>>> print(open('model.cif').read())   # mmCIF, C-alpha atoms
data_coords
#
loop_
_atom_site.label_atom_id
_atom_site.label_comp_id
_atom_site.auth_asym_id
_atom_site.auth_seq_id
_atom_site.Cartn_x
_atom_site.Cartn_y
_atom_site.Cartn_z
CA MET A 250 -94.05 169.97 23.54
CA THR A 251 -94.18 172.73 20.91
CA ALA A 252 -93.83 176.44 21.37
CA MET A 253 -97.59 176.85 20.87
CA HIS A 254 -98.27 174.63 23.85
CA LEU A 255 -96.24 176.97 26.02
CA ILE A 256 -98.31 180.06 25.11
CA PRO A 257 -101.05 180.46 27.74
CA ARG A 258 -104.61 181.14 26.63
CA ARG A 259 -106.49 183.99 28.24
CA ASP A 260 -109.36 183.31 30.60
CA ALA A 261 -112.69 185.14 30.61
CA ALA A 262 -111.18 188.02 32.57
CA GLY A 263 -108.43 188.45 29.96
CA THR A 264 -105.62 187.21 32.22
CA PRO A 265 -103.61 184.28 30.86
CA PRO A 266 -103.28 181.31 33.20
CA LEU A 267 -99.90 179.84 34.04
CA SER A 268 -98.31 178.04 31.13
CA PRO A 269 -97.82 174.25 31.26
CA LEU A 270 -94.08 174.84 31.63
CA LEU A 271 -94.55 177.11 34.65
CA ARG A 272 -96.92 174.62 36.26
CA LEU A 273 -94.34 171.87 35.74
CA LEU A 274 -91.53 173.93 37.26
CA ILE A 275 -93.60 174.97 40.28
CA ALA A 276 -94.62 171.35 40.88
CA THR A 277 -90.93 170.45 40.52
CA GLN A 278 -90.03 172.69 43.46
CA LEU A 279 -92.65 170.92 45.58
CA ALA A 280 -91.25 167.50 44.69
CA PHE A 281 -87.63 168.59 45.14
CA ASN A 282 -88.29 169.71 48.69
CA ILE A 283 -90.38 166.70 49.64
CA GLY A 284 -87.55 164.39 48.60
CA PHE A 285 -84.82 166.51 50.16
CA PHE A 286 -86.48 167.30 53.48
CA ALA A 287 -87.57 163.69 53.93
CA VAL A 288 -83.87 162.99 54.53
CA LEU A 289 -82.07 166.15 55.73
CA PRO A 290 -83.68 166.62 59.20
CA PHE A 291 -82.61 163.10 60.20
CA LEU A 292 -79.10 163.15 58.75
CA ALA A 293 -77.27 164.60 61.77
CA GLY A 294 -78.84 162.06 64.14
CA HIS A 295 -77.95 159.20 61.81
CA LEU A 296 -74.33 160.35 61.47
CA GLY A 297 -73.89 160.71 65.22
CA GLU A 298 -75.75 157.61 66.39
CA ALA A 299 -75.61 155.00 63.64
CA VAL A 300 -72.32 155.96 61.97
CA GLY A 301 -70.70 157.06 65.24
CA MET A 302 -69.23 160.37 64.11
CA ALA A 303 -68.03 162.92 66.63
CA GLY A 304 -70.04 166.13 66.90
CA TRP A 305 -67.43 168.27 65.15
CA LEU A 306 -67.29 165.80 62.26
CA VAL A 307 -71.08 165.81 61.90
CA GLY A 308 -70.97 169.60 61.66
CA PHE A 309 -68.15 169.41 59.12
CA VAL A 310 -70.09 166.96 56.93
CA LEU A 311 -73.21 169.13 57.05
CA GLY A 312 -71.09 172.14 56.15
CA LEU A 313 -69.65 170.26 53.17
CA ARG A 314 -73.15 169.57 51.93
CA THR A 315 -74.04 173.25 52.12
CA PHE A 316 -70.80 174.27 50.38
CA SER A 317 -71.16 171.70 47.59
CA GLN A 318 -74.70 172.94 47.01
CA GLN A 319 -75.03 176.66 47.67
CA GLY A 320 -71.45 177.52 46.81
CA LEU A 321 -71.66 175.87 43.39
CA PHE A 322 -75.03 177.29 42.31
CA VAL A 323 -73.16 179.67 40.02
CA VAL A 324 -71.70 176.64 38.19
CA GLY A 325 -75.11 175.05 37.67
CA GLY A 326 -76.55 178.35 36.46
CA ALA A 327 -73.73 178.85 33.95
CA LEU A 328 -74.18 175.29 32.65
CA ALA A 329 -77.91 175.90 32.18
CA ASP A 330 -77.10 179.00 30.11
CA ARG A 331 -74.66 177.00 27.97
CA TYR A 332 -76.41 173.65 27.52
CA GLY A 333 -80.04 174.42 28.30
CA VAL A 334 -82.30 173.64 31.25
CA ARG A 335 -83.30 170.09 30.37
CA PRO A 336 -79.90 168.30 30.38
CA VAL A 337 -78.75 170.10 33.54
CA VAL A 338 -81.96 169.27 35.42
CA LEU A 339 -81.89 165.63 34.31
CA ALA A 340 -78.23 165.26 35.26
CA GLY A 341 -78.88 166.82 38.66
CA CYS A 342 -81.80 164.50 39.36
CA ALA A 343 -79.73 161.46 38.38
CA LEU A 344 -76.91 162.53 40.73
CA ARG A 345 -79.38 163.14 43.57
CA ILE A 346 -80.82 159.63 43.11
CA ALA A 347 -77.31 158.16 43.20
CA GLY A 348 -76.39 160.28 46.23
CA PHE A 349 -79.40 159.30 48.30
CA GLY A 350 -78.98 155.65 47.38
CA TRP A 351 -75.30 155.78 48.31
CA LEU A 352 -76.04 157.55 51.60
CA GLY A 353 -78.52 154.85 52.58
CA TYR A 354 -75.75 152.23 52.44
CA ALA A 355 -72.78 154.39 53.56
CA GLU A 356 -71.28 153.22 56.84
CA GLN A 357 -67.79 154.73 56.80
CA THR A 358 -66.78 158.37 57.01
CA TRP A 359 -65.35 158.60 53.50
CA THR A 360 -68.43 157.00 51.94
CA VAL A 361 -70.72 159.35 53.86
CA VAL A 362 -68.67 162.35 52.72
CA GLY A 363 -68.80 161.18 49.10
CA ALA A 364 -72.57 160.68 49.23
CA VAL A 365 -73.17 164.05 50.88
CA LEU A 366 -71.00 165.87 48.33
CA LEU A 367 -72.91 164.16 45.52
CA ILE A 368 -76.24 165.15 47.05
CA GLY A 369 -75.14 168.77 47.35
CA PHE A 370 -73.66 169.02 43.87
CA ALA A 371 -76.85 167.55 42.39
CA ALA A 372 -78.82 170.49 43.76
CA ALA A 373 -76.16 172.87 42.48
CA LEU A 374 -77.10 171.62 39.02
CA PHE A 375 -80.88 171.39 39.01
CA SER A 376 -81.90 174.21 41.38
CA PRO A 377 -80.39 177.21 39.54
CA ALA A 378 -81.56 175.76 36.22
CA VAL A 379 -85.14 175.49 37.46
CA GLU A 380 -85.09 178.80 39.35
CA SER A 381 -83.67 180.78 36.43
CA GLU A 382 -86.27 179.36 34.05
CA VAL A 383 -89.07 180.11 36.52
CA VAL A 384 -87.84 183.71 36.70
CA ARG A 385 -87.66 183.96 32.90
CA GLN A 386 -91.11 182.47 32.46
CA ALA A 387 -92.47 184.77 35.17
CA VAL A 388 -91.26 187.75 33.12
CA VAL A 389 -92.91 186.28 29.99
CA HIS A 390 -96.12 185.76 31.96
CA GLU A 391 -96.00 189.36 33.19
CA GLU A 392 -95.41 190.74 29.69
CA SER A 393 -98.37 188.74 28.36
CA GLY A 394 -100.67 190.46 30.84
CA GLY A 395 -100.62 187.79 33.51
CA GLY A 396 -99.87 190.15 36.40
CA PRO A 397 -96.70 190.98 38.35
CA ARG A 398 -93.87 188.47 38.04
CA THR A 399 -93.54 188.34 41.81
CA ARG A 400 -96.88 186.56 42.09
CA VAL A 401 -95.48 183.66 40.08
CA LEU A 402 -92.31 183.68 42.18
CA ALA A 403 -94.40 183.78 45.35
CA LEU A 404 -96.27 180.69 44.16
CA PHE A 405 -92.89 179.04 43.55
CA THR A 406 -91.88 179.89 47.13
CA VAL A 407 -95.16 178.52 48.53
CA SER A 408 -94.69 175.29 46.60
CA GLY A 409 -91.19 174.85 47.99
CA GLN A 410 -92.30 175.61 51.53
CA ALA A 411 -95.13 173.10 51.28
CA GLY A 412 -92.58 170.48 50.25
CA ALA A 413 -90.33 171.47 53.14
CA PHE A 414 -93.30 170.97 55.48
CA ALA A 415 -94.43 167.62 54.04
CA GLY A 416 -90.97 166.11 53.56
CA PRO A 417 -90.07 165.68 57.26
CA LEU A 418 -93.47 164.08 57.89
CA LEU A 419 -92.71 161.47 55.24
CA GLY A 420 -89.22 160.95 56.64
CA ALA A 421 -90.49 160.58 60.21
CA LEU A 422 -92.91 157.85 59.14
CA LEU A 423 -90.19 155.92 57.30
CA LEU A 424 -87.65 156.39 60.07
CA ALA A 425 -89.69 153.85 62.02
CA VAL A 426 -88.26 151.33 59.53
CA ASP A 427 -84.69 152.69 59.34
CA PHE A 428 -82.65 155.52 57.87
CA ARG A 429 -81.98 153.50 54.71
CA ALA A 430 -85.71 153.43 53.99
CA VAL A 431 -85.78 157.22 54.37
CA CYS A 432 -82.92 157.63 51.87
CA LEU A 433 -84.47 155.24 49.37
CA ALA A 434 -87.79 157.05 49.62
CA GLY A 435 -86.02 160.35 48.93
CA ALA A 436 -84.31 158.75 45.93
CA GLY A 437 -87.69 157.43 44.79
CA VAL A 438 -89.14 160.95 44.75
CA PHE A 439 -86.32 162.08 42.47
CA VAL A 440 -86.86 159.06 40.22
CA LEU A 441 -90.40 160.35 39.67
CA VAL A 442 -89.11 163.88 39.07
CA LEU A 443 -86.55 162.58 36.57
CA ALA A 444 -89.17 160.59 34.70
CA ALA A 445 -91.59 163.53 34.60
CA HIS A 446 -88.97 165.91 33.26
CA ALA A 447 -87.65 163.45 30.71
CA ARG A 448 -91.23 163.23 29.42
CA LEU A 449 -92.50 166.81 29.79
CA LEU A 450 -89.58 169.26 29.81
CA PRO A 451 -89.03 170.60 26.26
CA GLN A 452 -85.70 170.04 24.53
CA HIS A 453 -85.59 173.68 23.46
CA LEU A 454 -87.38 176.46 25.33
CA PRO A 455 -88.72 179.31 23.18
CA GLY A 456 -86.83 182.54 23.72
CA ARG A 457 -83.88 180.98 25.55
CA SER A 458 -80.60 181.27 23.67
CA ARG A 459 -77.45 179.40 24.62
CA VAL A 460 -74.22 181.23 25.32
CA HIS A 461 -70.58 180.25 25.78
CA LEU A 462 -69.35 179.57 29.29
CA ARG A 463 -66.51 182.04 28.89
CA GLY A 464 -67.06 185.78 29.07
CA GLY A 465 -69.83 185.96 31.64
CA VAL A 466 -68.02 186.21 34.96
CA GLY A 467 -66.13 189.42 34.23
CA PRO A 468 -69.20 191.55 33.46
CA LEU A 469 -70.95 190.01 36.48
CA LEU A 470 -68.12 191.03 38.81
CA ARG A 471 -68.26 194.55 37.38
CA ASN A 472 -72.03 194.77 37.79
CA ARG A 473 -72.17 196.82 40.96
CA ARG A 474 -75.94 196.97 41.07
CA PHE A 475 -76.25 193.20 40.95
CA LEU A 476 -73.51 192.68 43.53
CA ALA A 477 -75.26 195.17 45.79
CA LEU A 478 -78.43 193.11 45.47
CA CYS A 479 -76.45 189.95 46.32
CA CYS A 480 -75.04 191.56 49.45
CA ALA A 481 -78.45 192.77 50.61
CA TYR A 482 -79.97 189.36 49.92
CA GLY A 483 -77.06 187.74 51.73
CA THR A 484 -77.86 189.69 54.88
CA TYR A 485 -81.41 188.33 54.70
CA LEU A 486 -80.06 184.77 54.41
CA LEU A 487 -77.70 185.40 57.33
CA ALA A 488 -80.66 186.57 59.40
CA TYR A 489 -82.72 183.56 58.33
CA ASN A 490 -79.84 181.28 59.31
CA GLN A 491 -80.32 182.43 62.91
CA LEU A 492 -83.29 180.06 63.04
CA TYR A 493 -80.60 177.38 63.28
CA LEU A 494 -78.02 179.24 65.37
CA ALA A 495 -79.27 182.03 67.68
CA LEU A 496 -82.88 180.86 68.01
CA PRO A 497 -82.14 177.37 69.41
CA ALA A 498 -79.90 178.87 72.09
CA GLU A 499 -82.60 181.34 73.14
CA VAL A 500 -85.30 178.66 73.13
CA GLU A 501 -83.12 176.42 75.28
CA ARG A 502 -82.58 179.26 77.74
CA ALA A 503 -86.26 180.16 77.97
CA ALA A 504 -87.79 176.67 77.96
CA ALA A 505 -84.92 174.46 79.16
CA SER A 506 -85.74 172.30 76.13
CA GLN A 507 -85.48 172.29 72.34
CA THR A 508 -89.04 171.00 71.96
CA PRO A 509 -90.62 174.40 71.12
CA LEU A 510 -88.31 174.68 68.11
CA ALA A 511 -90.40 172.20 66.12
CA TRP A 512 -93.52 174.30 66.69
CA LEU A 513 -91.72 177.49 65.74
CA PHE A 514 -90.48 175.95 62.46
CA ALA A 515 -93.99 174.67 61.74
CA LEU A 516 -95.37 178.15 62.43
CA SER A 517 -92.94 179.68 59.94
CA SER A 518 -93.73 177.11 57.23
CA LEU A 519 -97.50 177.37 57.65
CA LEU A 520 -97.34 181.16 57.57
CA VAL A 521 -95.54 181.09 54.22
CA VAL A 522 -97.91 178.49 52.76
CA THR A 523 -101.06 180.33 53.85
CA ALA A 524 -100.07 183.98 53.56
CA GLN A 525 -97.32 184.33 50.92
CA LEU A 526 -99.64 184.99 47.97
CA ALA A 527 -101.73 187.50 49.92
CA VAL A 528 -98.63 189.36 51.13
CA THR A 529 -97.19 189.47 47.62
CA ARG A 530 -100.49 190.72 46.18
CA TRP A 531 -100.70 193.45 48.83
CA ALA A 532 -97.09 194.52 48.27
CA GLY A 533 -97.51 194.49 44.49
CA GLU A 534 -100.20 197.15 44.72
CA ARG A 535 -98.06 199.49 46.80
CA LEU A 536 -94.31 198.82 46.49
CA ASP A 537 -91.65 198.47 43.83
CA PRO A 538 -88.99 195.73 44.38
CA ARG A 539 -86.55 198.03 46.16
CA ARG A 540 -89.12 199.27 48.64
CA CYS A 541 -90.44 195.75 49.06
CA MET A 542 -87.00 194.44 49.99
CA ALA A 543 -86.38 197.43 52.25
CA ALA A 544 -89.63 196.79 54.11
CA GLY A 545 -88.78 193.11 54.47
CA LEU A 546 -85.31 193.82 55.84
CA ALA A 547 -86.80 196.36 58.28
CA LEU A 548 -89.26 193.74 59.59
CA ILE A 549 -86.41 191.27 60.07
CA ALA A 550 -84.38 193.86 61.96
CA ALA A 551 -87.42 194.57 64.14
CA GLY A 552 -87.68 190.86 64.99
CA PHE A 553 -84.14 190.80 66.36
CA ALA A 554 -84.79 194.07 68.21
CA VAL A 555 -87.82 192.56 69.99
CA VAL A 556 -85.67 189.78 71.46
CA ALA A 557 -82.94 192.28 72.33
CA ALA A 558 -85.44 194.43 74.22
CA ALA A 559 -86.83 191.46 76.16
CA ARG A 560 -83.56 189.63 76.80
CA PRO A 561 -82.27 191.67 79.82
CA ALA A 562 -85.37 190.71 81.84
CA GLY A 563 -84.30 187.05 81.58
CA ARG A 564 -87.85 185.69 81.65
CA THR A 565 -88.41 181.97 81.20
CA GLY A 566 -91.37 179.75 80.38
CA ALA A 567 -94.19 181.09 78.21
CA ALA A 568 -93.22 184.70 78.91
CA GLY A 569 -89.66 183.98 77.85
CA LEU A 570 -90.80 182.30 74.62
CA LEU A 571 -93.15 185.10 73.54
CA PRO A 572 -90.34 187.33 72.14
CA VAL A 573 -88.97 184.49 70.00
CA VAL A 574 -92.48 183.79 68.66
CA VAL A 575 -92.66 187.45 67.60
CA PHE A 576 -89.15 187.14 66.14
CA VAL A 577 -90.15 184.13 64.01
CA LEU A 578 -93.32 185.90 62.82
CA LEU A 579 -91.47 189.09 61.81
CA LEU A 580 -88.61 187.15 60.23
CA THR A 581 -91.06 185.10 58.17
CA LEU A 582 -93.04 188.18 57.09
CA GLY A 583 -89.77 189.80 56.05
CA GLN A 584 -88.84 186.69 54.12
CA MET A 585 -92.16 186.80 52.25
CA LEU A 586 -91.36 190.33 51.09
CA VAL A 587 -87.65 189.91 50.35
CA VAL A 588 -87.46 186.60 48.45
CA PRO A 589 -89.93 187.16 45.57
CA ALA A 590 -88.75 190.76 45.12
CA ALA A 591 -85.08 189.75 44.94
CA ARG A 592 -85.74 186.98 42.43
CA ALA A 593 -87.91 189.29 40.34
CA TRP A 594 -85.16 191.91 40.26
CA VAL A 595 -82.44 189.61 38.87
CA PRO A 596 -83.63 189.59 35.20
CA ASP A 597 -83.44 193.38 35.11
CA LEU A 598 -79.84 193.39 36.32
CA ALA A 599 -78.55 190.34 34.43
CA GLU A 600 -76.61 190.31 31.17
CA LYS A 601 -78.72 189.08 28.27
CA GLY A 602 -78.59 185.30 27.87
CA ARG A 603 -76.97 184.70 31.27
CA LEU A 604 -79.94 184.59 33.61
CA GLY A 605 -78.83 181.17 34.89
CA LEU A 606 -75.39 182.50 35.80
CA TYR A 607 -76.84 185.49 37.64
CA THR A 608 -79.50 183.43 39.41
CA GLY A 609 -76.82 181.01 40.57
CA ALA A 610 -74.50 183.84 41.57
CA LEU A 611 -77.23 185.36 43.75
CA SER A 612 -77.25 182.14 45.79
CA SER A 613 -73.49 181.57 45.73
CA VAL A 614 -72.50 185.10 46.81
CA SER A 615 -75.22 185.10 49.44
CA GLY A 616 -74.09 181.67 50.63
CA LEU A 617 -70.53 182.95 51.06
CA ILE A 618 -71.86 185.84 53.15
CA VAL A 619 -73.79 183.38 55.31
CA LEU A 620 -70.71 181.17 55.72
CA LEU A 621 -68.54 184.05 56.92
CA GLY A 622 -71.32 185.71 58.87
CA SER A 623 -72.32 182.52 60.67
CA ALA A 624 -68.79 182.05 61.96
CA ALA A 625 -68.83 185.64 63.25
CA THR A 626 -72.27 185.13 64.79
CA GLY A 627 -71.17 181.99 66.59
CA THR A 628 -68.23 183.90 68.06
CA LEU A 629 -70.55 186.74 69.04
CA LEU A 630 -72.98 184.45 70.86
CA ASP A 631 -70.12 182.83 72.82
CA ALA A 632 -68.33 186.07 73.68
CA GLY A 633 -70.01 186.58 77.07
CA LEU A 634 -71.47 189.96 76.11
CA PRO A 635 -74.51 191.46 77.85
CA PRO A 636 -77.55 189.41 76.71
CA ALA A 637 -79.11 192.12 74.55
CA VAL A 638 -75.93 193.01 72.64
CA PRO A 639 -75.74 190.02 70.22
CA TRP A 640 -79.37 190.47 69.23
CA LEU A 641 -78.93 194.22 68.77
CA LEU A 642 -75.94 193.65 66.52
CA LEU A 643 -77.90 191.05 64.56
CA ALA A 644 -80.71 193.60 64.18
CA ALA A 645 -78.24 196.15 62.83
CA VAL A 646 -77.17 193.89 59.94
CA PRO A 647 -80.46 193.79 57.96
CA ALA A 648 -81.16 197.41 58.93
CA ALA A 649 -77.83 198.48 57.42
CA ALA A 650 -78.46 196.31 54.35
CA VAL A 651 -81.27 198.63 53.28
CA ALA A 652 -78.58 201.11 52.26
CA LEU A 653 -76.96 198.45 50.06
CA LEU A 654 -80.02 198.04 47.84
CA PRO A 655 -79.39 199.38 44.33
CA GLY A 656 -81.36 202.52 43.60
CA GLY A 657 -83.32 203.46 40.53
CA ARG A 658 -84.65 201.06 37.94
CA GLU A 659 -82.93 198.91 35.36
CA ARG A 660 -84.57 198.56 31.92
CA GLY A 661 -87.96 199.69 33.17
CA LEU A 662 -88.25 197.58 36.28
CA PRO A 663 -91.98 197.19 36.83
CA ARG A 664 -93.88 197.77 40.03
CA SER A 665 -94.17 194.05 40.46
CA ALA A 666 -93.28 193.23 44.02
#
>>> encode(input="model.cif", output="structure tokens")
Amino acid sequence: MTAMHLIPRRDAAGTPPLSPLLRLLIATQLAFNIGFFAVLPFLAGHLGEAVGMAGWLVGFVLGLRTFSQQGLFVVGGALADRYGVRPVVLAGCALRIAGFGWLGYAEQTWTVVGAVLLIGFAAALFSPAVESEVVRQAVVHEESGGGPRTRVLALFTVSGQAGAFAGPLLGALLLAVDFRAVCLAGAGVFVLVLAAHARLLPQHLPGRSRVHLRGGVGPLLRNRRFLALCCAYGTYLLAYNQLYLALPAEVERAAASQTPLAWLFALSSLLVVTAQLAVTRWAGERLDPRRCMAAGLALIAAGFAVVAAARPAGRTGAAGLLPVVVFVLLLTLGQMLVVPAARAWVPDLAEKGRLGLYTGALSSVSGLIVLLGSAATGTLLDAGLPPAVPWLLLAAVPAAAVALLPGGRERGLPRSA
């Protein structure tokens, strides 16, 4: 694919359509999540029932997967800056295929751990490479008159969420055969992704220069504005993680069952798929990235506050579930404002030529915040405090994070949120 093929032509209205490269990368996110979420929701059950792991060990293995993925995003991003997007993406896909195949046949603890670490590290390679290139191409699209970069990033988010919605459906169908079939199907999806990228992803991307691995971390650690963005984004991720920690406990209390959780997750996914582009378009006409993130964090804080206000009444049944429905709606609306704005802000704070490193660092630093914050949240929920207190404290975290957002604009940050 030549450089000319990557230059979008303008339509009748004068707005260039998405380039072939952007369309490929957005479709990649859809495929990534279909393959991944076909397996992940069923992993804990398989480890506990089929492999016979104790509950604490299942949690440990799942934590290792998160660490080997999120914690190492900065490594994958730096490698993409040094060696280019194509080899890092292809290597990551190959490792994910091997990891899923291995997991399907793993029957002992050490083999499961090895497979899970491989699966996580694979994503630490391909995800920051793809995400950083999507961000870069979104800026190029914006500068060519294609509209705010956040609209491209919103489409990327929608694509990923659609994959996260479809993947478990595929996995549930194949689980009727066995877990090995689920793993092999996930590996098969990544075989298709690998083949498509080997065929379509250019060897050299116009405008992307390669830099040495050394010399990038120091300036990043001294970049206070970027680190402030990471911390604010980390509080959003910590809040989002309560879908897996605080929310199940509240649903169990109100409904005496975990069944409503599936509907709440489906509600969140469908809201992103159907409303993300409209929300981003609305915000882009009114808010710059800082205000967009501030509004999103305020909505998230309000979601926790709703549950805190209702919790002392101790209602159960439908009345008890209504506050958590509002919580999920506000959290998801906040997510739709925060995520595209944060990703769009990174290029304006990053050192030239190191967008992959900074994109990966955004995830890694935020992941560390989630790791530490989740441990504190678990302690908080088990501390026997009055029922409203944990939710009020959780509401205070994203509210306080608004003050962490870097002020001003870096290199002419556009009103693109």
>>> closest_atom_pairs(input="model.cif", of="stretch 599-618 of chain A", to="stretch 377-384 of chain A", cutoff="10 Å", atoms="all atoms listed in the file", output="CSV")
residue,atom,partner,partner_atom,distance
A:Arg603,CA,A:Ser381,CA,9.3
A:Leu604,CA,A:Ser381,CA,6.0
A:Gly605,CA,A:Ser381,CA,5.1
A:Leu606,CA,A:Pro377,CA,8.2
A:Tyr607,CA,A:Ser381,CA,8.4
A:Thr608,CA,A:Ser381,CA,5.8
A:Gly609,CA,A:Pro377,CA,5.3
A:Ala610,CA,A:Pro377,CA,9.1
A:Leu611,CA,A:Pro377,CA,9.7
A:Ser612,CA,A:Pro377,CA,8.6
>>> residues_around(input="model.cif", residues="stretch 511-527 of chain A", least_positions_apart="5", cutoff="8 Å", atoms="only C-alpha atoms", output="JSON list (two decimals) with C-alpha atoms, keeping the file's coordinate frame")
[["chain", "number", "residue", "atom", "x", "y", "z"],
["A", 400, "ARG", "CA", -96.88, 186.56, 42.09],
["A", 403, "ALA", "CA", -94.40, 183.78, 45.35],
["A", 404, "LEU", "CA", -96.27, 180.69, 44.16],
["A", 406, "THR", "CA", -91.88, 179.89, 47.13],
["A", 407, "VAL", "CA", -95.16, 178.52, 48.53],
["A", 408, "SER", "CA", -94.69, 175.29, 46.60],
["A", 410, "GLN", "CA", -92.30, 175.61, 51.53],
["A", 411, "ALA", "CA", -95.13, 173.10, 51.28],
["A", 413, "ALA", "CA", -90.33, 171.47, 53.14],
["A", 414, "PHE", "CA", -93.30, 170.97, 55.48],
["A", 574, "VAL", "CA", -92.48, 183.79, 68.66],
["A", 577, "VAL", "CA", -90.15, 184.13, 64.01],
["A", 578, "LEU", "CA", -93.32, 185.90, 62.82],
["A", 581, "THR", "CA", -91.06, 185.10, 58.17],
["A", 585, "MET", "CA", -92.16, 186.80, 52.25]]
>>> closest_residue(input="model.cif", among="A:Asp427, A:Ala593, A:Gly409, A:Pro290", to="A:Tyr354", atoms="all atoms listed in the file")
A:Asp427
>>> resolve_selection(input="model.cif", expression="the PyMOL selection byres ((chain A and resi 547-558) around 9)", output="PyMOL selection string")
chain A and resi 485+488-489+542-546+559-562+572-573+575-584+636-648+651
>>> resolve_selection(input="model.cif", expression="the PyMOL selection byres ((chain A and resi 493) around 12)", output="number ranges by chain")
A: 290, 486-492, 494-500, 507, 510-511, 513-514, 577, 623, 626-627
>>> write_last_selection(input="model.cif", atoms="C-alpha atoms", output="CSV table (one decimal), in the coordinates of the input")
chain,number,residue,atom,x,y,z
A,290,PRO,CA,-83.7,166.6,59.2
A,486,LEU,CA,-80.1,184.8,54.4
A,487,LEU,CA,-77.7,185.4,57.3
A,488,ALA,CA,-80.7,186.6,59.4
A,489,TYR,CA,-82.7,183.6,58.3
A,490,ASN,CA,-79.8,181.3,59.3
A,491,GLN,CA,-80.3,182.4,62.9
A,492,LEU,CA,-83.3,180.1,63.0
A,494,LEU,CA,-78.0,179.2,65.4
A,495,ALA,CA,-79.3,182.0,67.7
A,496,LEU,CA,-82.9,180.9,68.0
A,497,PRO,CA,-82.1,177.4,69.4
A,498,ALA,CA,-79.9,178.9,72.1
A,499,GLU,CA,-82.6,181.3,73.1
A,500,VAL,CA,-85.3,178.7,73.1
A,507,GLN,CA,-85.5,172.3,72.3
A,510,LEU,CA,-88.3,174.7,68.1
A,511,ALA,CA,-90.4,172.2,66.1
A,513,LEU,CA,-91.7,177.5,65.7
A,514,PHE,CA,-90.5,176.0,62.5
A,577,VAL,CA,-90.2,184.1,64.0
A,623,SER,CA,-72.3,182.5,60.7
A,626,THR,CA,-72.3,185.1,64.8
A,627,GLY,CA,-71.2,182.0,66.6
